[in-house]
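Chemist: Structure incoming, see below.
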Amino acid sequence: MSLMSFYNNDQYKFSMQQAVLELYPDATVQYRFVNRGKQRFNEEFVRALKDNINRMADLQPDKLTTEWFKRLAFIKPWYVQYLKNYRYNPDEIYLALTPDNDLDLRIKGFWHSAILWEVPLLALISELYFFLIDTKWSLDDQNDKINSKLRVLDNLPAFADFGTRRRRSAEHHLWVAKVLKSSGSYVGTSNVEIAFKTGVKPIGTMAHEFVQGSSVLGGLRHANRYALDAWVKVYRGNLGIALSDTYGIEPFFEDFDLLLSKLYDGIRHDSGDPFVFMERAIQHYACMGIDPMSKTLVFSDSLNPEKALKIAEACKGRIKCSFGIGTNLTNDVTNSPPLNIVIKMWSLNTFPTVKLSEDPSKAVGTPDAIANALWVFSPKRQIE
């Protein structure tokens, strides 16, 4: 397997890092690993992962990719200088095997420093798992699989590869991206290095952690509004897709007032029923006096080509749509299911943070933090 390289990371980590540096340079954070699947690990795996984590301290931006990266419209010159001096700090990582052979993995440090760990760590965990534990698989059928998917993907208005975090391997991911480029509907990839290598657009704005952090820095009840206002201060209209589901879609739409609805190009859906969300978004824009066809919904929740096509057909003529498809593109291997793993913000400045989403199974945080958020945002759900 290959060693991670510096820019082999998703764009939203860099865009959030720039925002955090500008707005909250003294904030401290803790993230935790969550395994939602049944696969388990062993001591050999932990030793290999620790070795790779230590080796990441040697990573630094290469000049060629940096020259390309700094020409992106939203990147600020001072941030490029910061990246040139940035080094991963393995001391920010705690890693151990639990008694039930899961991973106890925590990241702790300044937010602007620790923020880049999430995606490469998840990618390393996935790649190592299929290198050391689940090894009886083959990529021999991948040509047939990707060509079958392309026949459906070509019918979408637009789609991007969001597959870094739970991919089979870095090499396979790059191969998939090169094949996808042949589709007229393909608009880019979340992975910065792969975007550079394949000559496509890097795609991504913010993740749930930016809204979670705003719940501490601004307040829980209107964390969406604080996060979206802060994002505008940094990006001034660039990277204008708002994330909708950190605490459920109704609290989001309550905070997504006329000004924000006009400023942002669209909204990303990442949990819950996509058709219900589509109808709610169309209703929201119409009530604001905004033509829904002037806005874009980006769907990114556990998609495959067929599901994306059904959503696209429902959106047609009513609102524009695009799709971020991840694991189904970069880790669809016969008889070898992908890991279902995430790393989520657990606290900011020592205060607990929580993510509820529209799917109760995706809630992340301490029991007390989740109960408090449910009381604030969804008292009926808590009573039930």
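Letters A, B, ... go to the chains of the structure tokens in the order shown; residues in each chain start at 1; ligands are counted from 1 in the same order.
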Need to verify the contact set: stretch 185-189 of chain A, 10 Å, only C-alpha atoms, exclusion of same-chain residues closer than 6 positions in sequence. Can you return it as JSON, numbers by chain?
Modeler: {"A": [10, 11, 150, 153, 154, 155, 156, 157, 158, 159, 160, 161, 162, 163, 164, 177, 195, 196, 198, 199, 200, 201, 202, 203, 204, 322, 323, 324, 325, 326]}
Chemist: Generate the output file for the selected residues, N, CA and C atoms, as a compact mmCIF listing (two decimals), in the first residue's frame.
Modeler:
```
# COMPACT_ATOMS: atom_id res chain seq x y z
N ASP A 10 -9.45 15.78 1.28
CA ASP A 10 -10.62 16.40 0.66
C ASP A 10 -10.59 17.92 0.80
N GLN A 11 -11.13 18.59 -0.20
CA GLN A 11 -11.07 20.05 -0.24
C GLN A 11 -11.73 20.69 0.98
N LEU A 150 -21.30 3.98 -15.23
CA LEU A 150 -21.20 5.14 -16.12
C LEU A 150 -22.43 5.27 -17.02
N LEU A 153 -24.69 7.07 -14.74
CA LEU A 153 -24.17 8.38 -14.35
C LEU A 153 -24.23 9.38 -15.48
N ASP A 154 -24.08 8.91 -16.71
CA ASP A 154 -24.13 9.81 -17.87
C ASP A 154 -25.49 10.51 -18.00
N ASN A 155 -26.51 9.97 -17.33
CA ASN A 155 -27.85 10.56 -17.40
C ASN A 155 -28.11 11.58 -16.30
N LEU A 156 -27.15 11.76 -15.41
CA LEU A 156 -27.30 12.75 -14.36
C LEU A 156 -26.94 14.14 -14.87
N PRO A 157 -27.53 15.19 -14.29
CA PRO A 157 -27.13 16.54 -14.70
C PRO A 157 -25.70 16.87 -14.29
N ALA A 158 -25.26 16.36 -13.14
CA ALA A 158 -23.89 16.60 -12.66
C ALA A 158 -23.61 15.68 -11.48
N PHE A 159 -22.39 15.16 -11.40
CA PHE A 159 -21.99 14.37 -10.24
C PHE A 159 -20.50 14.53 -10.00
N ALA A 160 -20.08 14.31 -8.75
CA ALA A 160 -18.68 14.36 -8.37
C ALA A 160 -18.33 13.13 -7.55
N ASP A 161 -17.04 12.81 -7.52
CA ASP A 161 -16.52 11.73 -6.69
C ASP A 161 -16.24 12.28 -5.29
N PHE A 162 -16.90 11.69 -4.28
CA PHE A 162 -16.69 12.05 -2.88
C PHE A 162 -16.10 10.85 -2.13
N GLY A 163 -15.23 10.07 -2.76
CA GLY A 163 -14.90 8.76 -2.23
C GLY A 163 -13.61 8.59 -1.49
N THR A 164 -12.97 9.66 -1.01
CA THR A 164 -11.66 9.51 -0.38
C THR A 164 -11.71 8.74 0.92
N ALA A 177 -11.23 7.80 -10.71
CA ALA A 177 -11.39 9.20 -11.10
C ALA A 177 -11.03 9.40 -12.58
N ALA A 195 -7.81 15.87 -8.09
CA ALA A 195 -8.25 16.96 -8.97
C ALA A 195 -7.08 17.51 -9.75
N PHE A 196 -5.96 17.71 -9.08
CA PHE A 196 -4.77 18.23 -9.76
C PHE A 196 -4.24 17.24 -10.80
N THR A 198 -5.79 14.87 -12.40
CA THR A 198 -6.71 14.55 -13.51
C THR A 198 -7.22 15.80 -14.22
N GLY A 199 -6.87 16.99 -13.73
CA GLY A 199 -7.26 18.22 -14.40
C GLY A 199 -8.73 18.55 -14.28
N VAL A 200 -9.32 18.23 -13.11
CA VAL A 200 -10.73 18.56 -12.89
C VAL A 200 -10.84 19.51 -11.70
N LYS A 201 -12.06 19.92 -11.40
CA LYS A 201 -12.30 20.88 -10.33
C LYS A 201 -12.35 20.17 -8.98
N PRO A 202 -11.67 20.71 -7.95
CA PRO A 202 -11.86 20.17 -6.60
C PRO A 202 -13.19 20.67 -6.04
N ILE A 203 -13.97 19.77 -5.43
CA ILE A 203 -15.33 20.07 -4.99
C ILE A 203 -15.41 19.97 -3.47
N GLY A 204 -16.06 20.94 -2.83
CA GLY A 204 -16.29 20.85 -1.39
C GLY A 204 -16.36 22.20 -0.73
N SER A 322 -27.25 18.24 -8.12
CA SER A 322 -25.95 17.62 -8.38
C SER A 322 -25.74 16.55 -7.32
N PHE A 323 -24.76 15.67 -7.54
CA PHE A 323 -24.61 14.51 -6.66
C PHE A 323 -23.14 14.27 -6.31
N GLY A 324 -22.90 14.02 -5.03
CA GLY A 324 -21.58 13.60 -4.57
C GLY A 324 -21.66 12.13 -4.18
N ILE A 325 -21.02 11.28 -4.97
CA ILE A 325 -21.10 9.83 -4.74
C ILE A 325 -19.74 9.35 -4.25
N GLY A 326 -19.75 8.63 -3.13
CA GLY A 326 -18.49 8.27 -2.50
C GLY A 326 -18.15 6.81 -2.55
```
Chemist: List the neighbours of A:Tyr82 out to 12 Å using only C-alpha atoms; skip same-chain residues closer than 3 positions along the sequence, and give me the result as a list in words.
Modeler: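 Near neighbours after the sequence-gap exclusion: Phe14, Gln17, Gln18, Leu21, Glu22, Gln60, Pro61, Thr66, Lys70, Ile75, Lys76, Pro77, Trp78, Tyr79, Asn85, Tyr86, Arg87, His112 and Ser113 of chain A.
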Chemist: List every residue of stretch 95-291 of chain A that DSSP, applied to the backbone of this structure, places in helix (DSSP H, G or I), and write the result as a PyMOL selection string.
Modeler: chain A and resi 111-114+118-132+142-153+170-180+192-198+208-217+223-235+249-255+258-263+274-287
Chemist: Mind pulling up the distance from atom CA of A:Arg55 to atom CA of A:Thr327?
Modeler: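 So the answer is 25.8 Å.
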Chemist: Atom CA of A:Leu124 and atom CA of A:Asn52, how far apart in Å?
Modeler: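 The value is 7.9 Å.
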Chemist: What does the distance from atom CA of A:Gly219 to atom CA of A:Asn372 come to in Å, to one decimal?
Modeler: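 Rounded to one decimal, the two atoms are 12.8 Å apart.
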Chemist: Would you mind telling me which residue in A:Pro292, A:Arg280, A:Glu118, A:Leu243 lies nearest to A:Arg268 when using only C-alpha atoms?
Modeler: A:Leu243
Chemist: Give me, as a tab-separated table, the closest atom pair and its distance (Å, one decimal) for every residue of stretch 77-144 of chain A within a cut-off of 9 Å of stretch 44-49 of chain A, counting only C-alpha atoms, rows sorted by chain and rising number.
Modeler:
```
residue	atom	partner	partner_atom	distance
A:Leu95	CA	A:Val46	CA	7.6
A:Ala96	CA	A:Val46	CA	7.0
A:Leu97	CA	A:Val46	CA	6.9
A:Leu103	CA	A:Val46	CA	8.2
A:Leu121	CA	A:Leu49	CA	8.7
A:Leu124	CA	A:Leu49	CA	7.3
A:Ile125	CA	A:Leu49	CA	7.0
A:Leu128	CA	A:Phe45	CA	7.1
A:Tyr129	CA	A:Phe45	CA	7.3
A:Leu132	CA	A:Phe45	CA	6.8
A:Ile133	CA	A:Phe45	CA	7.8
```
Chemist: Go ahead and write the residues just picked, C-alpha atoms, as a short mmCIF file (atom, residue, chain, number, x, y, z; two decimals), in the first residue's frame.
Modeler:
```cif
data_model
loop_
_atom_site.label_atom_id
_atom_site.label_comp_id
_atom_site.auth_asym_id
_atom_site.auth_seq_id
_atom_site.Cartn_x
_atom_site.Cartn_y
_atom_site.Cartn_z
CA LEU A 95 -4.84 5.20 19.36
CA ALA A 96 -5.54 1.89 21.08
CA LEU A 97 -7.39 -1.38 20.50
CA LEU A 103 -10.43 1.29 17.61
CA LEU A 121 -6.85 8.74 8.85
CA LEU A 124 -5.56 4.80 5.95
CA ILE A 125 -7.84 2.76 8.22
CA LEU A 128 -4.96 -1.02 5.91
CA TYR A 129 -8.04 -3.08 6.78
CA LEU A 132 -4.08 -6.76 6.51
CA ILE A 133 -7.45 -8.21 7.62
#
```
